[in-house]
Amino acid sequence: MDAEPGRSRQGILLVISAPSGTGKTTLINRLRAEFPRLAFSVSYTTRRPRAGERNGREYHFVEPETFIGLRSADELAEWAEVHGNFYGTSRPAVQAMLDQGRDVLFDIDVQGSRQLRQAFTQGAFVFLFPPSMRILQQRLRGRGTESEESLVKRLANARQELEQAEFFDYWIVNDDLESAYRDLRCVYQAEGLRKSCNAGLVEQVLAD
Ligand code: ADP
Ligand code: 5GP
């Protein structure tokens with residue numbers, strides 16, 4: 001969302017977390033298509049690209065040694081081992097986007113969300129729920145991207161992730177896609193109305 005001319009605006013950190021297969025990517029892509037000013041934090045990962053994924057777009061795909069180097073150099077605002085691979089957020093990239101007054105969207109796991117809250121002390125943390133474990137399994141299978149081993153691991157981790165939903169500020173159930181999208185859009189728009197995002201408004205109104 002744009003600031004009024006002459007008014008400073010602090011960028012929003014919109015963090016989305018959910019068990020694998022819930023529909024994060026689907027909802028995030030829609031939000032980015034509707035709000036092009038919303039920047040996406042492209043994470044580093046050591047997992048292999050899926051068909052259709054491009055380096056630098058969905059992820060920066062790196063070797064484990066590179067990831068460890070980034071971690072040692074304190075280049076990561078948060079990192080975690082998820083489903084057997086490393087994932088992490090670039091601190092300088094996020095800081096640069098925030099410095100430009102942009103809103104930044106994150107698709108990260110529960111462990112990463114907790115670290116990010118500490119690193120940036122602000123942000124809206126959204127947890128997406130699948131309607132049920134049965135439907136989660138159907139979606140993950142239906143996506144056709146995971147080996148049986150990876151699928152079993154992701155479903156086992158889903159239970160642990162759901163148990164940590166309490167950490168998050170907003171809960172959205174992704175049952176009907178349209179309705180879940182409306183909810184997510186609502187959260188994003190409400191966050192932009194926070195007084196912390198609109199410094200200088202009082203002075204602007206009084207000055208004219
Ligand atoms: P995630 O990024 O959370 O792992 P995806 O966005 O890849 O999940 O979605 C997993 C699968 O579920 C995809 O095939 C997607 O098309 C499908 N999907 C997402 N949301 C819904 C929904 N509300 N109803 C039915 N299928 C959905
Ligand atoms: P996938 O392999 O399906 O793309 O992602 C697996 C999990 O890793 C998802 O829960 C996703 O949110 C999480 N993830 C992606 N990027 C990051 C990141 O930079 N940090 C953390 N902690 N988790 C991430």
# chains A, B, ... in the order shown; residues from 1 in each chain; ligands from 1
>>> residues_near_ligand(ligand="ligand 1", cutoff="8 Å", atoms="only C-alpha atoms and all ligand atoms", output="PyMOL selection string")
chain A and resi 17-28+136+139-140+142-144+174-178+180
>>> write_last_selection(atoms="C-alpha atoms", output="PDB file, in the first residue's frame")
ATOM      1  CA  SER A  17       3.534 -20.014   7.876  1.00  0.00           C
ATOM      2  CA  ALA A  18       1.677 -23.287   7.362  1.00  0.00           C
ATOM      3  CA  PRO A  19       2.218 -27.006   7.085  1.00  0.00           C
ATOM      4  CA  SER A  20       3.588 -27.954   3.675  1.00  0.00           C
ATOM      5  CA  GLY A  21       0.743 -28.419   1.177  1.00  0.00           C
ATOM      6  CA  THR A  22      -1.736 -26.100   2.925  1.00  0.00           C
ATOM      7  CA  GLY A  23      -1.686 -23.516   0.130  1.00  0.00           C
ATOM      8  CA  LYS A  24       0.831 -20.805   1.172  1.00  0.00           C
ATOM      9  CA  THR A  25       2.390 -20.471  -2.258  1.00  0.00           C
ATOM     10  CA  THR A  26      -1.003 -20.337  -3.973  1.00  0.00           C
ATOM     11  CA  LEU A  27      -2.248 -17.540  -1.687  1.00  0.00           C
ATOM     12  CA  ILE A  28       1.044 -15.647  -1.698  1.00  0.00           C
ATOM     13  CA  LEU A 136      -3.697 -31.737   3.667  1.00  0.00           C
ATOM     14  CA  ARG A 139      -3.312 -31.601  -1.497  1.00  0.00           C
ATOM     15  CA  LEU A 140       0.282 -32.624  -0.942  1.00  0.00           C
ATOM     16  CA  GLY A 142      -2.186 -33.938  -5.629  1.00  0.00           C
ATOM     17  CA  ARG A 143       0.626 -31.405  -6.082  1.00  0.00           C
ATOM     18  CA  GLY A 144       2.791 -34.308  -7.239  1.00  0.00           C
ATOM     19  CA  ASN A 174      -7.573 -22.418   3.746  1.00  0.00           C
ATOM     20  CA  ASP A 175     -10.700 -24.416   2.960  1.00  0.00           C
ATOM     21  CA  ASP A 176     -12.389 -22.443   0.210  1.00  0.00           C
ATOM     22  CA  LEU A 177      -9.591 -20.616  -1.651  1.00  0.00           C
ATOM     23  CA  GLU A 178     -11.607 -17.458  -2.359  1.00  0.00           C
ATOM     24  CA  ALA A 180      -9.021 -17.699   2.515  1.00  0.00           C
TER      25      ALA A 180
END
>>> residues_near_ligand(ligand="ligand 2", cutoff="7 Å", atoms="only C-alpha atoms and all ligand atoms", output="ChimeraX atom specification")
/A:17-20,43-45,47,78-80,82-83,87-89,107-113
>>> write_last_selection(atoms="N, CA and C atoms", output="compact mmCIF listing (two decimals), in the first residue's frame")
# COMPACT_ATOMS: atom_id res chain seq x y z
N SER A 17 3.01 -18.70 7.55
CA SER A 17 3.53 -20.01 7.88
C SER A 17 2.40 -21.02 7.82
N ALA A 18 2.71 -22.24 7.44
CA ALA A 18 1.68 -23.29 7.36
C ALA A 18 2.34 -24.62 7.10
N PRO A 19 1.70 -25.70 7.47
CA PRO A 19 2.22 -27.01 7.09
C PRO A 19 2.34 -27.10 5.56
N SER A 20 3.36 -27.79 5.11
CA SER A 20 3.59 -27.95 3.68
C SER A 20 2.35 -28.55 3.01
N SER A 43 14.12 -16.70 -0.11
CA SER A 43 14.98 -17.40 0.86
C SER A 43 16.11 -18.16 0.16
N TYR A 44 17.11 -18.48 0.94
CA TYR A 44 18.12 -19.45 0.51
C TYR A 44 17.65 -20.83 0.92
N THR A 45 17.88 -21.81 0.07
CA THR A 45 17.61 -23.19 0.48
C THR A 45 18.62 -24.14 -0.11
N ARG A 47 17.56 -27.24 -0.63
CA ARG A 47 16.81 -28.30 -1.35
C ARG A 47 16.94 -28.10 -2.86
N GLU A 78 17.26 -15.23 9.92
CA GLU A 78 16.79 -16.45 10.59
C GLU A 78 17.13 -17.61 9.69
N TRP A 79 17.21 -18.79 10.27
CA TRP A 79 17.41 -19.99 9.45
C TRP A 79 16.88 -21.19 10.22
N ALA A 80 16.58 -22.25 9.50
CA ALA A 80 16.11 -23.47 10.15
C ALA A 80 16.34 -24.66 9.24
N VAL A 82 14.41 -27.63 7.80
CA VAL A 82 13.00 -28.01 7.63
C VAL A 82 12.92 -29.19 6.68
N HIS A 83 12.24 -30.24 7.08
CA HIS A 83 12.08 -31.47 6.27
C HIS A 83 13.43 -31.94 5.72
N TYR A 87 16.97 -23.80 5.25
CA TYR A 87 16.28 -22.65 4.65
C TYR A 87 16.66 -21.43 5.47
N GLY A 88 16.84 -20.27 4.83
CA GLY A 88 17.16 -19.07 5.59
C GLY A 88 16.81 -17.80 4.85
N THR A 89 16.62 -16.72 5.63
CA THR A 89 16.21 -15.42 5.10
C THR A 89 17.41 -14.48 5.03
N ASP A 107 7.51 -16.39 3.36
CA ASP A 107 6.94 -17.75 3.43
C ASP A 107 7.99 -18.57 4.18
N ILE A 108 7.81 -18.66 5.49
CA ILE A 108 8.83 -19.36 6.29
C ILE A 108 8.15 -20.27 7.32
N ASP A 109 8.93 -21.17 7.90
CA ASP A 109 8.33 -22.13 8.82
C ASP A 109 8.20 -21.53 10.22
N VAL A 110 7.66 -22.32 11.12
CA VAL A 110 7.35 -21.83 12.47
C VAL A 110 8.63 -21.43 13.23
N GLN A 111 9.68 -22.23 13.11
CA GLN A 111 10.94 -21.91 13.81
C GLN A 111 11.48 -20.57 13.31
N GLY A 112 11.40 -20.37 11.99
CA GLY A 112 11.89 -19.13 11.40
C GLY A 112 11.06 -17.93 11.82
N SER A 113 9.76 -18.12 11.94
CA SER A 113 8.87 -17.03 12.34
C SER A 113 9.25 -16.52 13.73
>>> closest_residue(among="A:Leu13, A:Arg194, A:Tyr59, A:Tyr170", to="Ala119 of chain A", atoms="only C-alpha atoms")
A:Leu13
>>> residues_around(residues="segment 97-101 of chain A", least_positions_apart="4", cutoff="7 Å", atoms="only C-alpha atoms", output="PyMOL selection string")
chain A and resi 9-11+93
>>> write_last_selection(atoms="N, CA, C and O atoms", output="JSON list (two decimals), in the first residue's frame")
[["chain", "number", "residue", "atom", "x", "y", "z"],
["A", 9, "ARG", "N", 6.39, 6.20, 5.75],
["A", 9, "ARG", "CA", 5.61, 5.00, 5.98],
["A", 9, "ARG", "C", 6.55, 3.85, 6.25],
["A", 9, "ARG", "O", 7.45, 3.59, 5.47],
["A", 10, "GLN", "N", 6.32, 3.17, 7.36],
["A", 10, "GLN", "CA", 7.17, 2.03, 7.67],
["A", 10, "GLN", "C", 6.60, 0.79, 6.99],
["A", 10, "GLN", "O", 5.40, 0.54, 7.06],
["A", 11, "GLY", "N", 7.48, 0.04, 6.33],
["A", 11, "GLY", "CA", 7.03, -1.16, 5.62],
["A", 11, "GLY", "C", 6.51, -2.22, 6.59],
["A", 11, "GLY", "O", 6.95, -2.32, 7.73],
["A", 93, "ALA", "N", 18.98, -8.31, 2.26],
["A", 93, "ALA", "CA", 17.93, -8.13, 1.24],
["A", 93, "ALA", "C", 16.66, -7.59, 1.90],
["A", 93, "ALA", "O", 16.03, -6.65, 1.38]]
>>> select_by_dssp(residues="chain A", states="strand (DSSP E or B)", output="JSON, numbers by chain")
{"A": [13, 14, 15, 16, 17, 38, 39, 40, 43, 44, 45, 55, 59, 60, 61, 76, 77, 78, 79, 80, 81, 82, 85, 86, 87, 88, 89, 90, 103, 104, 105, 106, 107, 124, 125, 126, 127, 128, 129, 170, 171, 172, 173]}
>>> write_last_selection(atoms="N, CA and C atoms", output="short mmCIF file (atom, residue, chain, number, x, y, z; two decimals), in the first residue's frame")
data_model
loop_
_atom_site.label_atom_id
_atom_site.label_comp_id
_atom_site.auth_asym_id
_atom_site.auth_seq_id
_atom_site.Cartn_x
_atom_site.Cartn_y
_atom_site.Cartn_z
N LEU A 13 5.99 -6.15 7.67
CA LEU A 13 6.50 -7.51 7.48
C LEU A 13 5.32 -8.45 7.61
N LEU A 14 4.96 -9.12 6.55
CA LEU A 14 3.83 -10.04 6.57
C LEU A 14 4.39 -11.46 6.46
N VAL A 15 4.27 -12.19 7.56
CA VAL A 15 4.91 -13.50 7.65
C VAL A 15 3.84 -14.59 7.59
N ILE A 16 4.01 -15.52 6.65
CA ILE A 16 3.00 -16.57 6.48
C ILE A 16 3.64 -17.94 6.69
N SER A 17 3.01 -18.70 7.55
CA SER A 17 3.53 -20.01 7.88
C SER A 17 2.40 -21.02 7.82
N LEU A 38 4.25 -5.18 -2.99
CA LEU A 38 4.58 -6.11 -1.91
C LEU A 38 5.76 -6.97 -2.36
N ALA A 39 6.89 -6.76 -1.69
CA ALA A 39 8.10 -7.50 -2.10
C ALA A 39 8.10 -8.88 -1.44
N PHE A 40 8.75 -9.82 -2.08
CA PHE A 40 8.82 -11.18 -1.53
C PHE A 40 10.24 -11.46 -1.07
N SER A 43 14.12 -16.70 -0.11
CA SER A 43 14.98 -17.40 0.86
C SER A 43 16.11 -18.16 0.16
N TYR A 44 17.11 -18.48 0.94
CA TYR A 44 18.12 -19.45 0.51
C TYR A 44 17.65 -20.83 0.92
N THR A 45 17.88 -21.81 0.07
CA THR A 45 17.61 -23.19 0.48
C THR A 45 18.62 -24.14 -0.11
N ASN A 55 15.96 -20.33 -10.12
CA ASN A 55 16.89 -19.77 -9.14
C ASN A 55 16.72 -18.26 -9.05
N TYR A 59 13.38 -19.34 -4.85
CA TYR A 59 14.46 -19.46 -3.85
C TYR A 59 15.79 -19.13 -4.51
N HIS A 60 16.78 -18.85 -3.66
CA HIS A 60 18.18 -18.94 -4.10
C HIS A 60 18.61 -20.36 -3.73
N PHE A 61 18.82 -21.19 -4.74
CA PHE A 61 19.19 -22.59 -4.49
C PHE A 61 20.70 -22.67 -4.33
N LEU A 76 22.15 -14.16 7.58
CA LEU A 76 20.79 -14.68 7.66
C LEU A 76 20.06 -14.12 8.87
N ALA A 77 18.88 -13.54 8.62
CA ALA A 77 18.08 -12.98 9.72
C ALA A 77 17.48 -14.10 10.55
N GLU A 78 17.26 -15.23 9.92
CA GLU A 78 16.79 -16.45 10.59
C GLU A 78 17.13 -17.61 9.69
N TRP A 79 17.21 -18.79 10.27
CA TRP A 79 17.41 -19.99 9.45
C TRP A 79 16.88 -21.19 10.22
N ALA A 80 16.58 -22.25 9.50
CA ALA A 80 16.11 -23.47 10.15
C ALA A 80 16.34 -24.66 9.24
N GLU A 81 16.39 -25.83 9.86
CA GLU A 81 16.39 -27.07 9.08
C GLU A 81 14.94 -27.53 9.02
N VAL A 82 14.41 -27.63 7.80
CA VAL A 82 13.00 -28.01 7.63
C VAL A 82 12.92 -29.19 6.68
N ASN A 85 16.19 -30.16 4.94
CA ASN A 85 17.00 -29.19 4.19
C ASN A 85 17.13 -27.90 4.99
N PHE A 86 18.15 -27.10 4.63
CA PHE A 86 18.31 -25.81 5.29
C PHE A 86 17.58 -24.73 4.50
N TYR A 87 16.97 -23.80 5.25
CA TYR A 87 16.28 -22.65 4.65
C TYR A 87 16.66 -21.43 5.47
N GLY A 88 16.84 -20.27 4.83
CA GLY A 88 17.16 -19.07 5.59
C GLY A 88 16.81 -17.80 4.85
N THR A 89 16.62 -16.72 5.63
CA THR A 89 16.21 -15.42 5.10
C THR A 89 17.41 -14.48 5.03
N SER A 90 17.58 -13.81 3.89
CA SER A 90 18.70 -12.88 3.74
C SER A 90 18.45 -11.59 4.52
N ASP A 103 6.69 -3.10 1.67
CA ASP A 103 6.17 -4.18 2.50
C ASP A 103 6.84 -5.47 2.05
N VAL A 104 7.11 -6.34 2.99
CA VAL A 104 7.82 -7.58 2.64
C VAL A 104 7.03 -8.80 3.13
N LEU A 105 6.91 -9.75 2.23
CA LEU A 105 6.16 -10.97 2.49
C LEU A 105 7.13 -12.14 2.68
N PHE A 106 6.88 -12.95 3.70
CA PHE A 106 7.76 -14.08 3.99
C PHE A 106 6.95 -15.38 3.97
N ASP A 107 7.51 -16.39 3.36
CA ASP A 107 6.94 -17.75 3.43
C ASP A 107 7.99 -18.57 4.18
N ALA A 124 3.39 -8.90 11.12
CA ALA A 124 2.12 -9.60 11.30
C ALA A 124 2.38 -11.07 10.97
N PHE A 125 2.10 -11.91 11.92
CA PHE A 125 2.42 -13.33 11.77
C PHE A 125 1.13 -14.12 11.57
N VAL A 126 1.04 -14.72 10.38
CA VAL A 126 -0.19 -15.40 9.98
C VAL A 126 0.05 -16.91 9.91
N PHE A 127 -0.82 -17.67 10.54
CA PHE A 127 -0.74 -19.13 10.40
C PHE A 127 -1.92 -19.61 9.58
N LEU A 128 -1.60 -20.35 8.52
CA LEU A 128 -2.64 -20.92 7.65
C LEU A 128 -2.91 -22.36 8.07
N PHE A 129 -4.17 -22.67 8.24
CA PHE A 129 -4.56 -24.04 8.59
C PHE A 129 -5.13 -24.76 7.36
N TYR A 170 -2.55 -14.15 13.64
CA TYR A 170 -3.76 -14.36 12.83
C TYR A 170 -3.84 -15.82 12.42
N TRP A 171 -5.07 -16.35 12.45
CA TRP A 171 -5.31 -17.72 12.01
C TRP A 171 -6.28 -17.69 10.84
N ILE A 172 -5.88 -18.30 9.74
CA ILE A 172 -6.76 -18.37 8.56
C ILE A 172 -6.86 -19.84 8.13
N VAL A 173 -8.08 -20.31 7.90
CA VAL A 173 -8.26 -21.68 7.41
C VAL A 173 -8.38 -21.64 5.89
#
>>> select_by_dssp(residues="chain A", states="helix (DSSP H, G or I)", output="PyMOL selection string")
chain A and resi 24-34+64-72+91-99+110-120+133-143+148-162+165-167+177-191+195-197+201-207
>>> closest_residue(among="A:Asp74, A:Thr145, A:Ala190, A:Phe67", to="Gly52 of chain A", atoms="only C-alpha atoms")
A:Thr145
>>> closest_residue(among="A:Thr46, A:Arg141, A:Phe35, A:Ser147", to="Glu65 of chain A", atoms="only C-alpha atoms")
A:Thr46
>>> closest_residue(among="A:Val202, A:Ile12, A:Ala51, A:Val42", to="Phe120 of chain A", atoms="only C-alpha atoms")
A:Ile12
